[in-house]
$ cat input.txt   # compact mmCIF, C-alpha atoms
# COMPACT_ATOMS: atom_id res chain seq x y z
CA MET C 1 24.06 -17.39 -16.49
CA ILE C 2 24.54 -16.05 -20.03
CA ASP C 3 23.61 -18.36 -22.90
CA PHE C 4 27.03 -18.94 -24.44
CA THR C 5 28.03 -21.64 -26.93
CA ARG C 6 31.44 -23.13 -26.22
CA LYS C 7 33.70 -24.04 -29.13
CA SER C 8 36.87 -26.01 -29.69
CA HIS C 9 38.42 -22.95 -31.33
CA TYR C 10 37.55 -19.25 -31.13
CA GLY C 11 38.26 -16.41 -33.55
CA PHE C 12 38.43 -12.62 -33.37
CA ASP C 13 34.65 -12.15 -33.58
CA ASP C 14 34.23 -14.55 -30.64
CA PHE C 15 36.77 -12.50 -28.66
CA VAL C 16 34.82 -9.30 -29.30
CA GLU C 17 31.55 -10.99 -28.34
CA VAL C 18 32.95 -12.38 -25.07
CA VAL C 19 34.18 -8.92 -24.02
CA ARG C 20 30.77 -7.47 -24.97
CA LEU C 21 29.02 -10.11 -22.86
CA LEU C 22 31.31 -9.46 -19.90
CA ARG C 23 30.45 -5.75 -20.06
CA SER C 24 26.72 -6.33 -20.55
CA PRO C 25 24.11 -5.94 -17.76
CA GLU C 26 24.03 -9.73 -17.43
CA GLY C 27 27.81 -10.02 -17.41
CA CYS C 28 30.57 -9.47 -14.85
CA PRO C 29 29.88 -6.72 -12.26
CA TRP C 30 33.57 -5.74 -12.22
CA ASP C 31 33.93 -5.48 -16.00
CA ARG C 32 30.68 -3.56 -16.25
CA VAL C 33 31.87 -0.60 -14.16
CA GLN C 34 35.38 -0.18 -15.58
CA THR C 35 36.42 3.04 -17.31
CA HIS C 36 39.40 4.08 -19.43
CA GLN C 37 41.14 5.49 -16.36
CA SER C 38 40.33 2.60 -13.99
CA ILE C 39 42.04 0.06 -16.28
CA ARG C 40 44.72 2.35 -17.72
CA ARG C 41 47.35 0.79 -15.46
CA ASN C 42 46.20 -2.68 -16.49
CA PHE C 43 46.78 -1.73 -20.13
CA LEU C 44 50.33 -0.60 -19.38
CA GLU C 45 51.08 -3.75 -17.40
CA GLU C 46 49.82 -5.98 -20.21
CA VAL C 47 51.99 -4.16 -22.76
CA TYR C 48 55.09 -4.47 -20.57
CA GLU C 49 54.38 -8.17 -19.99
CA CYS C 50 54.02 -8.61 -23.74
CA CYS C 51 57.37 -6.87 -24.28
CA GLU C 52 59.00 -9.28 -21.83
CA ALA C 53 57.58 -12.19 -23.83
CA LEU C 54 59.02 -10.65 -27.00
CA ASP C 55 62.41 -10.18 -25.33
CA THR C 56 62.54 -13.83 -24.23
CA ASP C 57 61.21 -15.04 -27.59
CA ASP C 58 58.79 -17.32 -25.73
CA ALA C 59 56.14 -18.19 -28.34
CA ALA C 60 53.56 -19.54 -25.89
CA LEU C 61 53.92 -16.57 -23.56
CA MET C 62 53.94 -14.20 -26.53
CA GLN C 63 50.64 -15.61 -27.75
CA GLU C 64 49.09 -15.24 -24.30
CA GLU C 65 50.34 -11.71 -23.71
CA LEU C 66 49.39 -10.48 -27.19
CA GLY C 67 45.91 -11.79 -26.41
CA ASP C 68 45.85 -9.78 -23.19
CA VAL C 69 46.88 -6.61 -25.06
CA LEU C 70 44.24 -7.26 -27.72
CA MET C 71 41.64 -7.75 -24.99
CA GLN C 72 42.49 -4.30 -23.64
CA VAL C 73 42.01 -2.77 -27.09
CA ILE C 74 38.65 -4.48 -27.50
CA PHE C 75 37.61 -3.44 -23.99
CA HIS C 76 38.45 0.24 -24.51
CA ALA C 77 36.76 0.19 -27.93
CA GLY C 78 33.65 -1.24 -26.27
CA ILE C 79 33.56 1.62 -23.78
CA GLU C 80 33.70 4.12 -26.64
CA GLU C 81 31.07 2.28 -28.67
CA ASP C 82 28.71 2.55 -25.69
CA ARG C 83 29.41 6.28 -25.63
CA GLY C 84 28.64 6.54 -29.33
CA ARG C 85 31.98 8.06 -30.29
CA PHE C 86 33.66 5.23 -32.25
CA ASN C 87 33.92 1.44 -32.47
CA LEU C 88 36.43 -1.24 -33.53
CA ASP C 89 35.66 -0.75 -37.23
CA ASP C 90 36.44 2.97 -36.87
CA ILE C 91 39.75 2.07 -35.21
CA CYS C 92 40.64 -0.28 -38.07
CA ASP C 93 39.55 2.29 -40.66
CA GLY C 94 41.77 4.99 -39.17
CA ALA C 95 44.76 2.65 -38.77
CA VAL C 96 44.55 1.39 -42.37
CA LYS C 97 44.24 4.92 -43.76
CA LYS C 98 47.26 5.98 -41.70
CA LEU C 99 49.40 3.09 -42.97
CA VAL C 100 48.44 3.70 -46.59
CA PHE C 101 49.13 7.45 -46.29
CA ARG C 102 52.51 6.94 -44.64
CA HIS C 103 53.69 4.39 -47.22
CA PRO C 104 53.47 6.17 -50.57
CA ASN C 105 56.45 4.09 -51.69
CA VAL C 106 54.16 1.05 -51.48
CA PHE C 107 50.67 2.37 -52.21
CA GLY C 108 51.53 5.54 -54.18
CA PRO C 109 51.71 8.24 -55.24
CA LYS C 110 55.50 8.17 -55.23
CA THR C 111 57.24 10.88 -53.23
CA GLU C 112 60.67 11.75 -51.88
CA GLN C 113 59.21 12.46 -48.44
CA THR C 114 60.19 10.21 -45.54
CA TRP C 115 57.95 8.45 -43.01
CA ASP C 116 58.55 11.31 -40.56
CA ASP C 117 57.71 13.85 -43.27
CA MET C 118 54.45 12.09 -44.04
CA LYS C 119 53.61 11.80 -40.35
CA ALA C 120 54.20 15.51 -39.79
CA LEU C 121 52.13 16.35 -42.87
CA GLU C 122 49.31 14.11 -41.67
CA LYS C 123 49.28 15.74 -38.24
CA GLY C 124 49.76 19.28 -39.52
CA GLN C 125 53.12 19.69 -37.78
CA LYS C 126 54.97 22.51 -39.54
CA THR C 127 57.83 23.08 -37.08
CA CYS C 128 60.28 20.91 -35.16
CA ALA C 129 58.84 22.31 -31.93
CA ALA C 130 55.44 20.95 -32.95
CA THR C 131 56.90 17.46 -33.46
CA LEU C 132 58.62 17.67 -30.07
CA ASP C 133 55.39 18.72 -28.38
CA ALA C 134 53.62 15.76 -30.01
CA VAL C 135 55.86 13.17 -28.29
CA ALA C 136 53.61 11.42 -25.79
CA ARG C 137 54.01 12.74 -22.27
CA SER C 138 52.81 9.38 -20.96
CA LEU C 139 56.03 7.71 -22.16
CA PRO C 140 58.60 6.72 -19.52
CA ALA C 141 60.70 9.86 -19.05
CA LEU C 142 63.98 8.32 -20.25
CA TRP C 143 62.33 7.04 -23.42
CA ARG C 144 60.59 10.37 -24.01
CA ALA C 145 63.89 12.23 -23.62
CA GLU C 146 65.53 9.95 -26.19
CA LYS C 147 62.76 10.63 -28.72
CA LEU C 148 63.00 14.38 -28.12
CA VAL C 149 66.77 14.39 -28.63
CA LYS C 150 66.53 12.33 -31.83
CA LYS C 151 63.79 14.55 -33.27
CA ALA C 152 65.84 17.65 -32.46
CA GLU C 153 68.84 16.06 -34.19
CA LYS C 154 66.82 15.67 -37.39
CA ALA C 155 66.34 19.45 -37.32
CA GLY C 156 70.12 19.87 -37.11
CA PHE C 157 70.34 20.49 -33.37
CA GLN C 158 73.03 18.15 -32.09
CA TRP C 159 76.53 18.12 -30.66
CA PRO C 160 79.14 17.73 -33.43
CA GLN C 161 80.71 14.76 -31.65
CA GLU C 162 80.42 12.69 -28.46
CA ALA C 163 82.97 14.68 -26.40
CA PRO C 164 80.94 17.92 -26.03
CA ALA C 165 77.87 15.94 -24.94
CA ALA C 166 79.97 14.09 -22.37
CA GLU C 167 81.36 17.41 -21.17
CA LYS C 168 77.82 18.75 -20.72
CA LEU C 169 77.05 15.63 -18.69
CA GLN C 170 80.05 16.27 -16.43
CA GLU C 171 78.93 19.89 -16.05
CA ALA C 172 75.42 18.74 -15.12
CA VAL C 173 76.82 16.30 -12.55
CA SER C 174 78.88 19.08 -10.96
CA GLU C 175 75.80 21.28 -10.74
CA LEU C 176 73.85 18.42 -9.16
CA SER C 177 76.58 17.93 -6.58
CA GLN C 178 76.40 21.62 -5.72
CA ALA C 179 72.59 21.44 -5.52
CA VAL C 180 72.79 18.49 -3.11
CA GLU C 181 75.32 20.37 -0.99
CA ASP C 182 73.02 23.43 -0.96
CA SER C 183 69.83 21.36 -0.58
CA SER C 184 68.35 23.41 -3.42
CA ASN C 185 67.00 22.64 -6.93
CA ILE C 186 68.02 18.99 -6.60
CA GLU C 187 65.19 17.63 -8.76
CA GLU C 188 65.86 20.17 -11.52
CA LYS C 189 69.60 19.41 -11.60
CA LEU C 190 68.98 15.67 -11.45
CA GLY C 191 66.74 16.05 -14.50
CA ASP C 192 69.55 17.90 -16.27
CA VAL C 193 71.94 15.01 -15.51
CA LEU C 194 69.52 12.41 -16.85
CA PHE C 195 68.76 14.42 -19.99
CA SER C 196 72.46 15.04 -20.58
CA ALA C 197 73.08 11.29 -20.26
CA VAL C 198 70.46 10.69 -22.95
CA CYS C 199 72.29 13.18 -25.19
CA VAL C 200 75.50 11.18 -24.71
CA ALA C 201 73.61 8.01 -25.62
CA ALA C 202 72.26 9.64 -28.78
CA GLY C 203 75.74 10.74 -29.80
CA THR C 204 77.23 7.27 -29.32
CA GLY C 205 74.30 5.27 -30.70
CA ALA C 206 73.64 3.63 -27.33
CA ASP C 207 70.08 2.83 -26.25
CA PRO C 208 69.57 4.55 -22.87
CA GLU C 209 66.59 2.36 -21.95
CA MET C 210 68.54 -0.83 -22.62
CA ALA C 211 71.59 0.58 -20.85
CA LEU C 212 69.56 1.27 -17.71
CA HIS C 213 67.83 -2.12 -17.93
CA SER C 214 71.26 -3.76 -18.13
CA ALA C 215 72.43 -1.76 -15.12
CA CYS C 216 69.34 -2.89 -13.19
CA GLU C 217 70.06 -6.53 -13.98
CA THR C 218 73.68 -6.11 -12.91
CA PHE C 219 72.56 -4.46 -9.68
CA ILE C 220 70.21 -7.38 -8.92
CA THR C 221 72.96 -9.90 -9.63
CA ARG C 222 75.47 -8.08 -7.44
CA PHE C 223 73.02 -7.54 -4.58
CA ALA C 224 72.08 -11.22 -4.62
CA ALA C 225 75.79 -12.10 -4.46
CA MET C 226 76.21 -9.72 -1.50
CA GLU C 227 73.39 -11.41 0.39
CA GLN C 228 74.91 -14.82 -0.32
CA ALA C 229 78.32 -13.63 0.90
CA ALA C 230 76.77 -12.26 4.10
CA GLU C 231 74.84 -15.48 4.64
CA ALA C 232 78.06 -17.48 4.19
CA GLN C 233 79.44 -15.45 7.09
CA GLY C 234 76.38 -16.25 9.18
CA ARG C 235 75.09 -12.68 9.02
CA SER C 236 72.39 -10.63 7.27
CA LEU C 237 73.12 -7.43 5.39
CA GLU C 238 71.13 -5.43 7.95
CA THR C 239 73.78 -6.20 10.58
CA TYR C 240 76.61 -4.72 8.49
CA SER C 241 77.72 -1.15 9.01
CA LEU C 242 77.68 1.14 5.96
CA ALA C 243 81.46 0.83 5.66
CA GLU C 244 81.19 -2.98 5.79
CA GLN C 245 78.44 -2.98 3.17
CA LEU C 246 80.50 -0.82 0.82
CA ALA C 247 83.51 -3.08 1.30
CA LEU C 248 81.35 -6.14 0.61
CA TRP C 249 79.93 -4.43 -2.48
CA GLN C 250 83.41 -3.79 -3.88
CA ASP C 251 84.54 -7.33 -3.05
CA THR C 252 81.47 -8.77 -4.79
CA LYS C 253 82.08 -6.48 -7.77
CA HIS C 254 85.61 -7.78 -8.24
CA LYS C 255 84.57 -11.42 -7.82
CA LEU C 256 81.78 -11.13 -10.39
CA ARG C 257 84.11 -9.32 -12.78
CA ASN C 258 86.58 -12.20 -12.51
CA LEU C 259 83.72 -14.58 -13.31
CA GLY C 260 83.00 -12.60 -16.45
CA GLN C 261 80.00 -10.64 -15.17
CA THR C 262 79.35 -7.23 -16.73
CA ASP C 263 80.59 -4.36 -14.60
CA TYR C 264 78.06 -1.96 -13.15
$ encode --input "input.txt" --output "structure tokens"
Amino acid sequence: MIDFTRKSHYGFDDFVEVVRLLRSPEGCPWDRVQTHQSIRRNFLEEVYECCEALDTDDAALMQEELGDVLMQVIFHAGIEEDRGRFNLDDICDGAVKKLVFRHPNVFGPKTEQTWDDMKALEKGQKTCAATLDAVARSLPALWRAEKLVKKAEKAGFQWPQEAPAAEKLQEAVSELSQAVEDSSNIEEKLGDVLFSAVCVAAGTGADPEMALHSACETFITRFAAMEQAAEAQGRSLETYSLAEQLALWQDTKHKLRNLGQTDY
């Protein structure tokens, strides 16, 4: 057992020390062998769980999940410190310098340049294409598409109004339908539909991520109502024919709409 002094309250330095102990030769065998890639998914999951806590405004859950995210940062920093490339202090140093540089309106010298201008200057991005290429490819595709469209808009590349973007979406849907019929280029045409939908969202000010999340919630609500309706008839959905399922779906849709549920 590691010699560890328990306290009634722990601070940041204690947090760092506990992670160091877990990764030490005398620590946890699992923690000791982890790499950036082996816990990459864990990092993503912790961030998403933290976002859910933020969305629900649950203070206790928020505190817990922010701790889990911070643990991931400390863990990854520990891996790099062992490799001799950087440590937590280097992370803090770089983050502080970035914030000061990007806020000349607060820290000086005064400038007319925007946050995006300062960011591009900092990263040596001299063209819009360079800023587009810098958008993280690890982002969820819908989110990445939104950022690409918005950055292109800042360079003046945008539809003059919502209608042309919606027309391009209809055109993309038609091409997808033809691709499905031909069993050819389906993935490419589906991508065009999704990207065109993001362009419509940008033109109307809608958040495509939130729109899809809302659609998911509506789908869950409606599907649950379908199962309940089938159960009330003494059946399971698996026993319904496709035509019966579609009819039940429409019936459920109308009933939920009458109850004030958002349409899907």
$ atom_distance --input "input.txt" --atom1 "atom CA of Met226 of chain C" --atom2 "atom CA of Ala211 of chain C"
22.4 Å
$ closest_residue --input "input.txt" --among "C:Val16, C:Glu181, C:Asp93, C:Ala202" --to "Lys151 of chain C" --atoms "all atoms listed in the file"
C:Ala202
$ atom_distance --input "input.txt" --atom1 "atom CA of Ala215 of chain C" --atom2 "atom CA of Lys253 of chain C"
13.0 Å
$ residues_near_point --input "input.txt" --point "(67.4, 17.9, -14.6)" --cutoff "12 Å" --atoms "all atoms listed in the file" --output "PyMOL selection string"
chain C and resi 141-142+145+169+171-173+175-176+179+185-198
$ closest_residue --input "input.txt" --among "C:Asp251, C:Glu26, C:Glu17, C:Glu81" --to "Ile2 of chain C" --atoms "all atoms listed in the file"
C:Glu26
$ atom_distance --input "input.txt" --atom1 "atom CA of Ser177 of chain C" --atom2 "atom CA of Pro140 of chain C"
24.8 Å
$ residues_around --input "input.txt" --residues "segment 67-71 of chain C" --least-positions-apart "5" --cutoff "8 Å" --atoms "all atoms listed in the file" --output "mmCIF file with C-alpha atoms, keeping the file's coordinate frame"
data_model
loop_
_atom_site.group_PDB
_atom_site.id
_atom_site.type_symbol
_atom_site.label_atom_id
_atom_site.label_comp_id
_atom_site.auth_asym_id
_atom_site.auth_seq_id
_atom_site.Cartn_x
_atom_site.Cartn_y
_atom_site.Cartn_z
ATOM 1 C CA PHE C 15 36.770 -12.500 -28.660
ATOM 2 C CA VAL C 19 34.180 -8.920 -24.020
ATOM 3 C CA PHE C 43 46.780 -1.730 -20.130
ATOM 4 C CA GLU C 46 49.820 -5.980 -20.210
ATOM 5 C CA VAL C 47 51.990 -4.160 -22.760
ATOM 6 C CA CYS C 50 54.020 -8.610 -23.740
#
$ residues_near_point --input "input.txt" --point "(79.3, -12.7, 4.3)" --cutoff "12 Å" --atoms "only C-alpha atoms" --output "list in words"
Ala224, Ala225, Met226, Glu227, Gln228, Ala229, Ala230, Glu231, Ala232, Gln233, Gly234, Arg235, Ser236, Leu237, Glu238, Thr239, Tyr240, Glu244, Gln245, Ala247, Leu248, Trp249, Asp251 and Thr252 of chain C
$ residues_around --input "input.txt" --residues "Met210 of chain C" --least-positions-apart "5" --cutoff "12 Å" --atoms "only C-alpha atoms" --output "ChimeraX atom specification"
/C:55,142-143,146,198,201,205,215-217
$ residues_around --input "input.txt" --residues "Gly78 of chain C" --least-positions-apart "5" --cutoff "9 Å" --atoms "only C-alpha atoms" --output "NGL selection string"
:C and (16 or 19-20 or 23 or 73 or 83 or 86-88)
$ write_last_selection --input "input.txt" --atoms "C-alpha atoms" --output "compact mmCIF listing (two decimals), in the coordinates of the input"
# COMPACT_ATOMS: atom_id res chain seq x y z
CA VAL C 16 34.82 -9.30 -29.30
CA VAL C 19 34.18 -8.92 -24.02
CA ARG C 20 30.77 -7.47 -24.97
CA ARG C 23 30.45 -5.75 -20.06
CA VAL C 73 42.01 -2.77 -27.09
CA ARG C 83 29.41 6.28 -25.63
CA PHE C 86 33.66 5.23 -32.25
CA ASN C 87 33.92 1.44 -32.47
CA LEU C 88 36.43 -1.24 -33.53
$ residues_around --input "input.txt" --residues "Ala134 of chain C" --least-positions-apart "6" --cutoff "10 Å" --atoms "all atoms listed in the file" --output "list in words"
Ala120, Lys123, Gln125, Cys128 and Leu148 of chain C
$ closest_residue --input "input.txt" --among "C:Asn42, C:Gln113, C:Thr204, C:Thr35" --to "Ala77 of chain C" --atoms "all atoms listed in the file"
C:Thr35
